[in-house]
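Accompanying notes for the structure given below.
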Amino acid sequence: MTVSECQVKHPRIDDAILKYSDLTPNNTAIRFENGVVTFADLYKRVNALAFYLYTTGVGPGKFVTVLLDPSEDVVVAMLAIFRVGAIYTPLDPLHPDSQIVDRAQEILPSITITQSRHRERVEALDLPSVFVDEMKDVEVPGVWRLDSQQSDPACVFFTSGSTGKAKGVLGSYEALSAAIIEPSEYLGVSSSDTLNSIARYAWSISMLELLGALVQGGSTLILDRQKALDLDWLSNMAGECTAFHCPPALLKNLAEYIDREKKYEIFFRVKLVWYGGDVFDYAAIDLLQKVFPNARVATAYGTTEIFGLSHCYFYPRQNDLKKVLIGKPVGSIKQKILDEKGAEISVDDVGEIYMGGPRVALEYYGNPMATKNKFVFLNGERYFATGDFARLDQDGNLEYLQRTDDQVKVRGIRVSLGEVNDYIKEYVTVKESVVLTKENSAGTNEIHAFIVFWPSAGGRVSDLRKYLYSVLPDYMVPATLTELDTFPYTENFKINRKALISEVLQKSNSVIAHFSHPASIIAGLWVQAGNVVASSERDNFFEVGGNSISAIALASLMSSELGVRVQVADIYRNPSLELQVELVSKENTLQGKPSHEEEVRGSFAQVGLFFREIFDKRDSSITCTRYIIRDEGFDDDLVRKSLAALMERYKTLRTTIKPSKGSLKLSLTETPSTEEVLLERVAGVWCVSEDAGANRIVKRDYKFNLANGPLLAAFCFRLDSGAELMQLSAHHIAADDNSTGRIAKDFVKIYDALSRSSGLELSPIKNEYSEFLEDQRKRFEAGLYDGRAKIIGERLIEHLSNSTADPLISAVENGAGVVSVSFRLSDKKNCAVTFVDVVASMSWALHGNFSRNKFVFCVHVALRKDTDQDPQVGMFVNLVPVFISVSPDLAYCAHVKQVRQAFEEAMSDSDVPYELIIRSQEDLRRLGRFPFDGFINELRFDDEYLPGYKSVVIPRTLSTDTGEISLSVIRSNSGVELKLESPSFQKGKEVLSKVITEIAEKLPAQAADA
């Protein structure tokens, strides 16, 4: 049995290091700038900080965030946290405040360890803190150490997420110790060694740099990352190390500098050089061995999910090897290399790297879906699916072949970007090259290559292109070959591939050195929204670092800073700087001062709801509701006053609705008196439990008088517990579901203030609903919706013919009754279930049960978002069609990616009114609705009220038309529930029960009671 096949127990990492305070107390542990910290000094500082943490209640299971600039303080903070068995959570001081706050809110740290230079910042961010540099001379008697279990969480590192949201990788104390001790031993680090630290502390590899020598009784040399860009300074620092680790791009620049300056003697002392994070070519390995004449040179590989180095390969000095290897598993790491069918590969075959053993992360913190997707069980053991591909050689070493997305389809043919790059590198005048892929305007992949030629070789792009056509099929020859003097690098010294993608957009245009005045303003907002930097007015926001989250922030900033109404869909439609300048110019032309008239024209959604209610001859209005329980009951007089105050605050609740020239005329009325407020006490004693039978509360329907108003009503129920329940109902024309949640929150605040005779503070109304209506009207009159509505309508007509010939539900039993099934996902308040998750899982399940592979789903999308700082009440919801295809050949994860792309495409047109799309096509006009297969809606009842008030969910039924299935994602304080409904059809209950179970299995939630 090899070491990697057995489980080795290690001491806790703080014990492994601090023992040297007894064994070699006067030896140097850490050097930074001109300062030296001995092992005795280190123990004293760690013990004092650990005592302080203990007195504040920090212990096992508690998160402690660390916000520190490079210095010995980082090691002191890290070891003190481990000393009390808590969870080390590094944050990067260079990151924006918003990101630091987001991550702190995600983990809710007990305290933040920082330096006094950051005092104003942490106070502004409201982070309870201790300033470690101010405790430098504090000495505490005794030994302050708390026990912890091997399986207890020890650290969390945030790594990039595919949607822009970082994932918190949570690791155990067992994993942490193994991740430091095992690689340190494998690399041959000893007590006589000095190892440098250069990585950012928010990255997991920093732990091995900082602690890898300390666990052997050696010393750590901490480097200033900014100074490291000075190659002369860096070469002197590297020369003071015996073991040197460096990001590959910076290491390569350093080696070329030493070779150019012929300063080989400076590195005579270095015995070990290793790098990871990117792959060198074999020529660069030769160069490293030349400039580090006495060092072993190694390539390392690892991921955050196993907390650093997992594989390593030492290159022999004399070899004819023409490939770069990452070697074999280190220490207790278990390895499987699997092909696309999940079978272990043979020698010389290619497969995906899976890693198991005690170093595998516990989870992605608070992200069960991502955890389930990436941490899998193989033969009963837990493995991490890296997404990286490698080839296994006959000696058992791995040749790294880039990530999964190295494999792309071009013109329907699978192409390896690595193979294309290999051919480019073989060309005699090419020094370096990078190959990327990018979708063109038609939505198909194109290959783009970036070249650095040898300075004196006379390389030309035209010659290289001729060569590639001679050795490659035409579909593998890059669409563009861009010559560069040098590659751009990220802050972590890796090749900046996003910047290279932006070069594609700029290739035929000169770079704009100085933007025009409006462009410079918007470029500044890009930086504020997500640190997205534009170098040209043609730069695409999403190609140079923007994502869906920063797009939301950008739309908000443009609206507030430029005085125009910009929606997220506008950013997707106008992603470049120049298009956004045109957008702002057009909006300024369209928008005058907001309308303050007491009569406005209704939105298209309001028009649709009005005529639906009229023509359907409904006995009750279409409403949105919230339910509030108060143990002490409700006073009718105070309820009436509260409702009147709400209608004074939100004008949409006191409007009258009348048809006018094919549209609606909304007229503002006076706030109703307390006698005119709609309040009804429902007779009887009621229950909210599911098994209450006839006395269980059901939604109270009401028929509003649209011509006279008001459009808000309340119903009070006496409960069997003695408490009372208040149902607040707003007509859907006046308020959507999100807005009704805002109404309920404000109702509680107003009622509570009145009942206590206390003061009341509500956030001011920044944007009236009438401004939204005026904005939509002006956009419509300017023709901004016409073209897009027609295109969407044409796609729906194409689907209509398919759904008519093959309806999803083909055997409706006379339209009588509704089939309804439910599934509770989790007892947790929040689950990571998004619309993309739901659409993906629903289409997958429907394909399997109804043998259809093309679907149109209707999703509810809010065009304005209500927040506590910017309260919004109105009818902002639009119905958006999402066109989905299901390919049986795709793995589910690939299907989710495809659905995400379809959803983002739909979101770019989310502001096009539903009714205009129907009007654009005669067949849709006659049908009177979208030809949906499924309707997906998210209902939120997880409102947090003041103490003494709580929200509750009362079931309701959604209406569905022939052939459609409705799926509701119901969020409440008791968890997340799925509800599937359809018109009655043969074996409906059986079929829908199977479908909802399959949907739930694909969603990111722990299975619960069906």
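Chains: A, B, ... in order of the structure tokens. Residues: from 1 per chain. Ligands: from 1, in order shown.
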
### Message
With DSSP run on the backbone, what are the alpha helix (DSSP H) residues within segment 809-995 of chain A? I'd like them as a VMD selection string.
### Response
chain A and resid 835 to 850 892 to 907 914 to 919 922 to 927 988 to 995

### Query
Which neighbours of Arg391 of chain A fall inside 12 Å, counting only C-alpha atoms, when residues of the same chain fewer than 3 positions from it are skipped, and could you give them as a PyMOL selection string?
chain A and resi 323-328+336-339+344-353+388+394-402

### Message
Give me, as a list in words, the residues of segment 806-903 of chain A that a backbone DSSP run labels strand (DSSP E or B).
### Response
Val812, Val818, Val819, Ser820, Val821, Ser822, Phe823, Arg824, Leu825, Ser826, Lys854, Phe855, Val856, Phe857, Cys858, Val859, His860, Val861, Ala862, Val877, Asn878, Leu879, Val880, Pro881, Val882, Phe883, Ile884 and Ser885 of chain A

### Message
Can you pull out the residues contacting Asp752 of chain A? Cut-off 10 Å, using only C-alpha atoms, and skip same-chain residues under 6 positions away; I want them as a PyMOL selection string.
### Response
chain A and resi 638+642+746+758-760+946-949

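Note that atom CA of Thr437 of chain A and atom CA of Tyr467 of chain A are 20.3 Å apart.
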
### Residue neighbourhood Glu381 of chain A, 12 Å, only C-alpha atoms, exclusion window fewer than 3 positions, as a ChimeraX atom specification
/A:334-336,354-358,360,375-378,384

### Neighbour list for Val435 of chain A as JSON, numbers by chain, cut-off 7 Å, only C-alpha atoms, skip fewer than 2 positions in-chain
{"A": [417, 421, 433, 448, 449, 450]}

## Note on the structure
Residue with the minimum atom-to-atom distance to Asp147 of chain A, picked from A:Arg12, A:Lys431, A:Cys893, A:Gly188 with only C-alpha atoms counted, is A:Arg12
